[in-house]
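Trainee: Input structure: work23.cif, which contains mmCIF, N, CA and C atoms.
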data_target
#
loop_
_atom_site.label_atom_id
_atom_site.label_comp_id
_atom_site.auth_asym_id
_atom_site.auth_seq_id
_atom_site.Cartn_x
_atom_site.Cartn_y
_atom_site.Cartn_z
N MET A 1 -27.61 -44.30 9.19
CA MET A 1 -28.52 -43.20 8.98
C MET A 1 -29.15 -43.28 7.58
N LYS A 2 -28.32 -43.60 6.59
CA LYS A 2 -28.84 -43.71 5.23
C LYS A 2 -29.85 -44.84 5.12
N LYS A 3 -29.57 -45.94 5.80
CA LYS A 3 -30.48 -47.09 5.78
C LYS A 3 -31.86 -46.70 6.30
N GLU A 4 -31.90 -45.96 7.40
CA GLU A 4 -33.17 -45.51 7.98
C GLU A 4 -33.93 -44.61 7.00
N LEU A 5 -33.22 -43.71 6.35
CA LEU A 5 -33.84 -42.83 5.37
C LEU A 5 -34.39 -43.63 4.19
N LEU A 6 -33.62 -44.58 3.69
CA LEU A 6 -34.08 -45.40 2.57
C LEU A 6 -35.32 -46.21 2.93
N GLU A 7 -35.41 -46.69 4.14
CA GLU A 7 -36.61 -47.42 4.58
C GLU A 7 -37.83 -46.52 4.52
N MET A 8 -37.70 -45.28 4.98
CA MET A 8 -38.82 -44.35 4.94
C MET A 8 -39.19 -44.01 3.50
N LEU A 9 -38.18 -43.78 2.65
CA LEU A 9 -38.44 -43.44 1.25
C LEU A 9 -39.11 -44.59 0.51
N ASN A 10 -38.69 -45.81 0.80
CA ASN A 10 -39.34 -46.97 0.16
C ASN A 10 -40.81 -47.06 0.53
N LYS A 11 -41.15 -46.76 1.78
CA LYS A 11 -42.57 -46.76 2.19
C LYS A 11 -43.34 -45.68 1.44
N LEU A 12 -42.73 -44.51 1.28
CA LEU A 12 -43.40 -43.43 0.57
C LEU A 12 -43.53 -43.72 -0.92
N GLU A 13 -42.58 -44.45 -1.47
CA GLU A 13 -42.65 -44.81 -2.88
C GLU A 13 -43.83 -45.75 -3.15
N GLU A 14 -44.16 -46.58 -2.18
CA GLU A 14 -45.29 -47.51 -2.31
C GLU A 14 -46.62 -46.77 -2.48
N THR A 15 -46.73 -45.60 -1.89
CA THR A 15 -47.97 -44.81 -1.98
C THR A 15 -47.86 -43.70 -3.02
N ASN A 16 -46.77 -43.72 -3.79
CA ASN A 16 -46.52 -42.74 -4.85
C ASN A 16 -46.33 -41.32 -4.30
N ASP A 17 -45.99 -41.20 -3.03
CA ASP A 17 -45.75 -39.88 -2.45
C ASP A 17 -44.37 -39.36 -2.81
N VAL A 18 -43.49 -40.25 -3.25
CA VAL A 18 -42.12 -39.85 -3.57
C VAL A 18 -41.57 -40.73 -4.68
N ASP A 19 -40.70 -40.15 -5.48
CA ASP A 19 -39.86 -40.88 -6.42
C ASP A 19 -38.43 -40.56 -6.04
N PHE A 20 -37.56 -41.56 -6.10
CA PHE A 20 -36.16 -41.29 -5.78
C PHE A 20 -35.25 -42.26 -6.49
N TYR A 21 -34.01 -41.82 -6.63
CA TYR A 21 -32.96 -42.68 -7.18
C TYR A 21 -31.63 -42.21 -6.62
N GLU A 22 -30.61 -43.05 -6.76
CA GLU A 22 -29.30 -42.71 -6.24
C GLU A 22 -28.29 -42.68 -7.38
N SER A 23 -27.45 -41.66 -7.38
CA SER A 23 -26.34 -41.58 -8.32
C SER A 23 -25.17 -40.92 -7.63
N GLU A 24 -24.01 -41.52 -7.78
CA GLU A 24 -22.77 -40.97 -7.22
C GLU A 24 -22.92 -40.57 -5.75
N ASN A 25 -23.48 -41.47 -4.96
CA ASN A 25 -23.65 -41.28 -3.51
C ASN A 25 -24.54 -40.09 -3.15
N THR A 26 -25.44 -39.75 -4.06
CA THR A 26 -26.43 -38.71 -3.81
C THR A 26 -27.81 -39.29 -4.07
N LEU A 27 -28.69 -39.12 -3.10
CA LEU A 27 -30.09 -39.50 -3.28
C LEU A 27 -30.84 -38.30 -3.86
N HIS A 28 -31.53 -38.53 -4.96
CA HIS A 28 -32.36 -37.50 -5.59
C HIS A 28 -33.80 -37.85 -5.25
N VAL A 29 -34.46 -36.99 -4.49
CA VAL A 29 -35.79 -37.26 -3.97
C VAL A 29 -36.76 -36.21 -4.48
N ASP A 30 -37.84 -36.66 -5.11
CA ASP A 30 -38.90 -35.76 -5.57
C ASP A 30 -40.20 -36.15 -4.88
N PHE A 31 -40.75 -35.22 -4.12
CA PHE A 31 -42.05 -35.43 -3.49
C PHE A 31 -43.13 -35.10 -4.51
N ASN A 32 -44.09 -36.01 -4.63
CA ASN A 32 -45.15 -35.87 -5.64
C ASN A 32 -46.32 -35.06 -5.09
N ASP A 33 -46.23 -33.75 -5.29
CA ASP A 33 -47.23 -32.81 -4.77
C ASP A 33 -48.12 -32.23 -5.86
N PHE A 34 -48.02 -32.73 -7.09
CA PHE A 34 -48.77 -32.20 -8.23
C PHE A 34 -49.62 -33.30 -8.83
N GLU A 35 -50.93 -33.03 -8.95
CA GLU A 35 -51.87 -34.03 -9.46
C GLU A 35 -52.11 -33.89 -10.96
N GLY A 36 -52.07 -32.66 -11.45
CA GLY A 36 -52.35 -32.40 -12.86
C GLY A 36 -53.03 -31.05 -13.01
N PHE A 37 -53.84 -30.94 -14.07
CA PHE A 37 -54.55 -29.69 -14.34
C PHE A 37 -56.05 -29.96 -14.41
N ASP A 38 -56.83 -28.99 -13.97
CA ASP A 38 -58.28 -29.13 -14.10
C ASP A 38 -58.71 -28.67 -15.49
N GLU A 39 -60.02 -28.68 -15.76
CA GLU A 39 -60.54 -28.33 -17.09
C GLU A 39 -60.26 -26.88 -17.48
N ASP A 40 -59.95 -26.02 -16.50
CA ASP A 40 -59.60 -24.62 -16.78
C ASP A 40 -58.10 -24.40 -16.89
N GLY A 41 -57.33 -25.48 -16.82
CA GLY A 41 -55.88 -25.37 -16.91
C GLY A 41 -55.21 -24.97 -15.61
N GLU A 42 -55.97 -24.97 -14.52
CA GLU A 42 -55.41 -24.63 -13.21
C GLU A 42 -54.74 -25.86 -12.60
N GLU A 43 -53.66 -25.61 -11.89
CA GLU A 43 -52.93 -26.71 -11.24
C GLU A 43 -53.76 -27.34 -10.12
N ILE A 44 -53.65 -28.65 -10.01
CA ILE A 44 -54.31 -29.38 -8.92
C ILE A 44 -53.21 -29.93 -8.01
N ASP A 45 -53.25 -29.50 -6.76
CA ASP A 45 -52.30 -30.00 -5.77
C ASP A 45 -52.66 -31.43 -5.41
N ARG A 46 -51.64 -32.23 -5.18
CA ARG A 46 -51.85 -33.62 -4.77
C ARG A 46 -51.65 -33.72 -3.27
N ASN A 47 -52.62 -34.32 -2.59
CA ASN A 47 -52.47 -34.60 -1.16
C ASN A 47 -51.67 -35.89 -1.02
N TYR A 48 -50.74 -35.89 -0.09
CA TYR A 48 -49.93 -37.08 0.15
C TYR A 48 -50.78 -38.17 0.81
N GLU A 49 -50.56 -39.41 0.41
CA GLU A 49 -51.23 -40.54 1.03
C GLU A 49 -50.74 -40.72 2.47
N ASN A 50 -49.44 -40.46 2.68
CA ASN A 50 -48.86 -40.63 4.00
C ASN A 50 -48.14 -39.33 4.38
N GLY A 51 -48.92 -38.29 4.59
CA GLY A 51 -48.38 -36.97 4.91
C GLY A 51 -47.52 -36.96 6.17
N GLU A 52 -47.87 -37.80 7.13
CA GLU A 52 -47.10 -37.86 8.37
C GLU A 52 -45.68 -38.35 8.10
N LEU A 53 -45.55 -39.36 7.25
CA LEU A 53 -44.22 -39.87 6.93
C LEU A 53 -43.44 -38.88 6.07
N VAL A 54 -44.11 -38.17 5.19
CA VAL A 54 -43.44 -37.11 4.41
C VAL A 54 -42.83 -36.10 5.38
N HIS A 55 -43.61 -35.69 6.37
CA HIS A 55 -43.12 -34.74 7.37
C HIS A 55 -41.94 -35.34 8.15
N GLN A 56 -42.02 -36.62 8.48
CA GLN A 56 -40.93 -37.28 9.22
C GLN A 56 -39.64 -37.29 8.40
N VAL A 57 -39.76 -37.56 7.11
CA VAL A 57 -38.57 -37.57 6.25
C VAL A 57 -37.93 -36.18 6.20
N LEU A 58 -38.76 -35.17 5.99
CA LEU A 58 -38.22 -33.81 5.92
C LEU A 58 -37.60 -33.39 7.25
N SER A 59 -38.21 -33.75 8.35
CA SER A 59 -37.65 -33.46 9.68
C SER A 59 -36.34 -34.22 9.89
N PHE A 60 -36.31 -35.47 9.47
CA PHE A 60 -35.10 -36.28 9.58
C PHE A 60 -33.95 -35.61 8.84
N LEU A 61 -34.21 -35.17 7.62
CA LEU A 61 -33.18 -34.51 6.84
C LEU A 61 -32.69 -33.24 7.52
N GLU A 62 -33.64 -32.41 7.96
CA GLU A 62 -33.30 -31.14 8.62
C GLU A 62 -32.49 -31.37 9.90
N ASN A 63 -32.89 -32.35 10.69
CA ASN A 63 -32.31 -32.54 12.01
C ASN A 63 -31.01 -33.34 12.02
N ASN A 64 -30.72 -34.08 10.95
CA ASN A 64 -29.55 -34.96 10.97
C ASN A 64 -28.44 -34.58 10.00
N CYS A 65 -28.70 -33.67 9.10
CA CYS A 65 -27.66 -33.30 8.15
C CYS A 65 -26.61 -32.42 8.82
N LYS A 66 -25.43 -32.40 8.22
CA LYS A 66 -24.35 -31.55 8.71
C LYS A 66 -24.49 -30.13 8.20
N GLU A 67 -25.02 -30.03 6.99
CA GLU A 67 -25.10 -28.74 6.32
C GLU A 67 -26.21 -28.77 5.29
N GLN A 68 -26.74 -27.58 4.95
CA GLN A 68 -27.78 -27.48 3.94
C GLN A 68 -27.40 -26.39 2.94
N GLU A 69 -27.76 -26.64 1.69
CA GLU A 69 -27.60 -25.63 0.64
C GLU A 69 -28.94 -25.52 -0.06
N GLU A 70 -29.32 -24.31 -0.38
CA GLU A 70 -30.62 -24.14 -1.05
C GLU A 70 -30.47 -23.23 -2.24
N ASP A 71 -30.91 -23.74 -3.36
CA ASP A 71 -31.04 -22.97 -4.58
C ASP A 71 -32.50 -23.18 -4.97
N PHE A 72 -32.77 -23.77 -6.10
CA PHE A 72 -34.14 -24.15 -6.43
C PHE A 72 -34.49 -25.44 -5.70
N TYR A 73 -33.54 -26.37 -5.70
CA TYR A 73 -33.66 -27.61 -4.94
C TYR A 73 -32.91 -27.43 -3.63
N LYS A 74 -33.22 -28.24 -2.65
CA LYS A 74 -32.54 -28.17 -1.36
C LYS A 74 -31.62 -29.38 -1.24
N LYS A 75 -30.38 -29.12 -0.86
CA LYS A 75 -29.38 -30.17 -0.71
C LYS A 75 -29.04 -30.33 0.76
N PHE A 76 -29.14 -31.56 1.23
CA PHE A 76 -28.79 -31.92 2.60
C PHE A 76 -27.50 -32.70 2.55
N ILE A 77 -26.50 -32.24 3.27
CA ILE A 77 -25.17 -32.84 3.23
C ILE A 77 -24.94 -33.64 4.51
N PHE A 78 -24.63 -34.92 4.34
CA PHE A 78 -24.32 -35.82 5.45
C PHE A 78 -22.85 -36.22 5.33
N ASP A 79 -22.35 -36.96 6.29
CA ASP A 79 -20.95 -37.39 6.26
C ASP A 79 -20.62 -38.24 5.03
N ASP A 80 -21.47 -39.20 4.72
CA ASP A 80 -21.13 -40.14 3.66
C ASP A 80 -22.09 -40.15 2.47
N PHE A 81 -23.03 -39.22 2.43
CA PHE A 81 -23.94 -39.10 1.29
C PHE A 81 -24.63 -37.74 1.33
N ASN A 82 -25.29 -37.41 0.21
CA ASN A 82 -26.06 -36.17 0.11
C ASN A 82 -27.47 -36.51 -0.35
N VAL A 83 -28.39 -35.61 -0.07
CA VAL A 83 -29.77 -35.77 -0.52
C VAL A 83 -30.19 -34.46 -1.17
N ILE A 84 -30.71 -34.56 -2.38
CA ILE A 84 -31.25 -33.39 -3.08
C ILE A 84 -32.76 -33.56 -3.16
N VAL A 85 -33.49 -32.59 -2.61
CA VAL A 85 -34.94 -32.68 -2.52
C VAL A 85 -35.60 -31.69 -3.48
N GLY A 86 -36.58 -32.20 -4.22
CA GLY A 86 -37.40 -31.38 -5.09
C GLY A 86 -38.85 -31.82 -4.98
N TYR A 87 -39.68 -31.23 -5.79
CA TYR A 87 -41.11 -31.52 -5.79
C TYR A 87 -41.58 -31.64 -7.23
N SER A 88 -42.54 -32.52 -7.48
CA SER A 88 -43.03 -32.71 -8.84
C SER A 88 -43.60 -31.40 -9.41
N SER A 89 -44.10 -30.53 -8.56
CA SER A 89 -44.63 -29.24 -9.02
C SER A 89 -43.54 -28.35 -9.60
N PHE A 90 -42.27 -28.64 -9.33
CA PHE A 90 -41.18 -27.87 -9.92
C PHE A 90 -41.08 -28.12 -11.42
N ASP A 91 -41.59 -29.25 -11.88
CA ASP A 91 -41.42 -29.66 -13.28
C ASP A 91 -42.55 -29.21 -14.19
N ILE A 92 -43.40 -28.34 -13.72
CA ILE A 92 -44.54 -27.88 -14.53
C ILE A 92 -44.06 -26.91 -15.58
#
Transcribe the structure of this file into structure tokens.

Mentor:
Amino acid sequence: MKKELLEMLNKLEETNDVDFYESENTLHVDFNDFEGFDEDGEEIDRNYENGELVHQVLSFLENNCKEQEEDFYKKFIFDDFNVIVGYSSFDI
């Protein structure tokens, strides 16, 4: 299951739709939904290059995890690993 998820994340990383890394058997995944600021200081949303695959990853996590925890970030708990999901817009 983890292998399938990593394959999808690697494809999304190629289009800069996601950044991720692994530490202590937890995948930390940040979806890049923030483009920057316009001349008035307003936030510019970033459209995903591969929105369909972004949706597939999120559905995969929702449908295959054993448990979910949500605070500011969302944690998906699997048998042998966890995934913590955030968005680049959280870091503004």

Trainee: Given the PyMOL selection byres ((chain A and resi 30-44) around 7) and the file above, list the residues it selects as a list in words.

Mentor: Asn16, Asp17, Val18, Asp19, Phe20, Tyr21, His28, Val29, Asp45, Arg46, Asn47, Tyr48, Ile84, Val85, Gly86, Tyr87, Ser88 and Ser89 of chain A

Trainee: Excluding Leu6 (chain A) and its own-chain neighbours fewer than 5 positions away, which residues fall within 10 Å of it when counting only C-alpha atoms? Please give them as a list in words.

Mentor: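 Selected residues are Met1, Lys11, Leu12, Phe20, Leu27 and Val57 of chain A.
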
Trainee: Can you tell me, as a PDB file with N, CA and C atoms, in the frame of the given file, what residues are no more than 8 Å from Asp79 (chain A) when counting all atoms listed in the file, ignoring any on the same chain fewer than 3 positions away?

Mentor:
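Here's the written file selection-v6.pdb:
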ATOM      1  N   ASN A  64     -30.720 -34.080  10.950  1.00  0.00           N
ATOM      2  CA  ASN A  64     -29.550 -34.960  10.970  1.00  0.00           C
ATOM      3  C   ASN A  64     -28.440 -34.580  10.000  1.00  0.00           C
ATOM      4  N   CYS A  65     -28.700 -33.670   9.100  1.00  0.00           N
ATOM      5  CA  CYS A  65     -27.660 -33.300   8.150  1.00  0.00           C
ATOM      6  C   CYS A  65     -26.610 -32.420   8.820  1.00  0.00           C
ATOM      7  N   LYS A  66     -25.430 -32.400   8.220  1.00  0.00           N
ATOM      8  CA  LYS A  66     -24.350 -31.550   8.710  1.00  0.00           C
ATOM      9  C   LYS A  66     -24.490 -30.130   8.200  1.00  0.00           C
ATOM     10  N   GLU A  67     -25.020 -30.030   6.990  1.00  0.00           N
ATOM     11  CA  GLU A  67     -25.100 -28.740   6.320  1.00  0.00           C
ATOM     12  C   GLU A  67     -26.210 -28.770   5.290  1.00  0.00           C
ATOM     13  N   PHE A  76     -29.140 -31.560   1.230  1.00  0.00           N
ATOM     14  CA  PHE A  76     -28.790 -31.920   2.600  1.00  0.00           C
ATOM     15  C   PHE A  76     -27.500 -32.700   2.550  1.00  0.00           C
ATOM     16  N   ASN A  82     -25.290 -37.410   0.210  1.00  0.00           N
ATOM     17  CA  ASN A  82     -26.060 -36.170   0.110  1.00  0.00           C
ATOM     18  C   ASN A  82     -27.470 -36.510  -0.350  1.00  0.00           C
TER      19      ASN A  82
END

Trainee: So how many Å separate atom N of Asn50 (chain A) and atom C of Thr15 (chain A), to one decimal?

Mentor: 6.7 Å

Trainee: Determine the nearest neighbour of Phe81 (chain A) from the options A:Leu9, A:Glu4, A:Gln68, A:Glu24, counting only N, CA and C atoms.

Mentor: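 The answer is A:Glu24, which sits nearest to Phe81 (chain A).
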
Trainee: Separation of CA of Phe72 (chain A) and CA of Phe60 (chain A), in Å?

Mentor: 20.1 Å

Trainee: Report the distance between atom N of Asp80 (chain A) and atom C of Glu14 (chain A) in Å, rounded to one decimal place.

Mentor: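 So the answer is 27.2 Å.
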
Trainee: Please return as a VMD selection string: the residues of region 2-61 of chain A that backbone DSSP assigns to strand (DSSP E or B).

Mentor: chain A and resid 18 to 23 26 to 31 34 to 37 43 to 45

Trainee: Taking the DSSP assignment computed from this structure's backbone, write out as JSON, numbers by chain all residues of region 3-78 of chain A that belong to helix (DSSP H, G or I).

Mentor: {"A": [3, 4, 5, 6, 7, 8, 9, 10, 11, 12, 13, 14, 51, 52, 53, 54, 55, 56, 57, 58, 59, 60, 61, 62, 63, 64]}
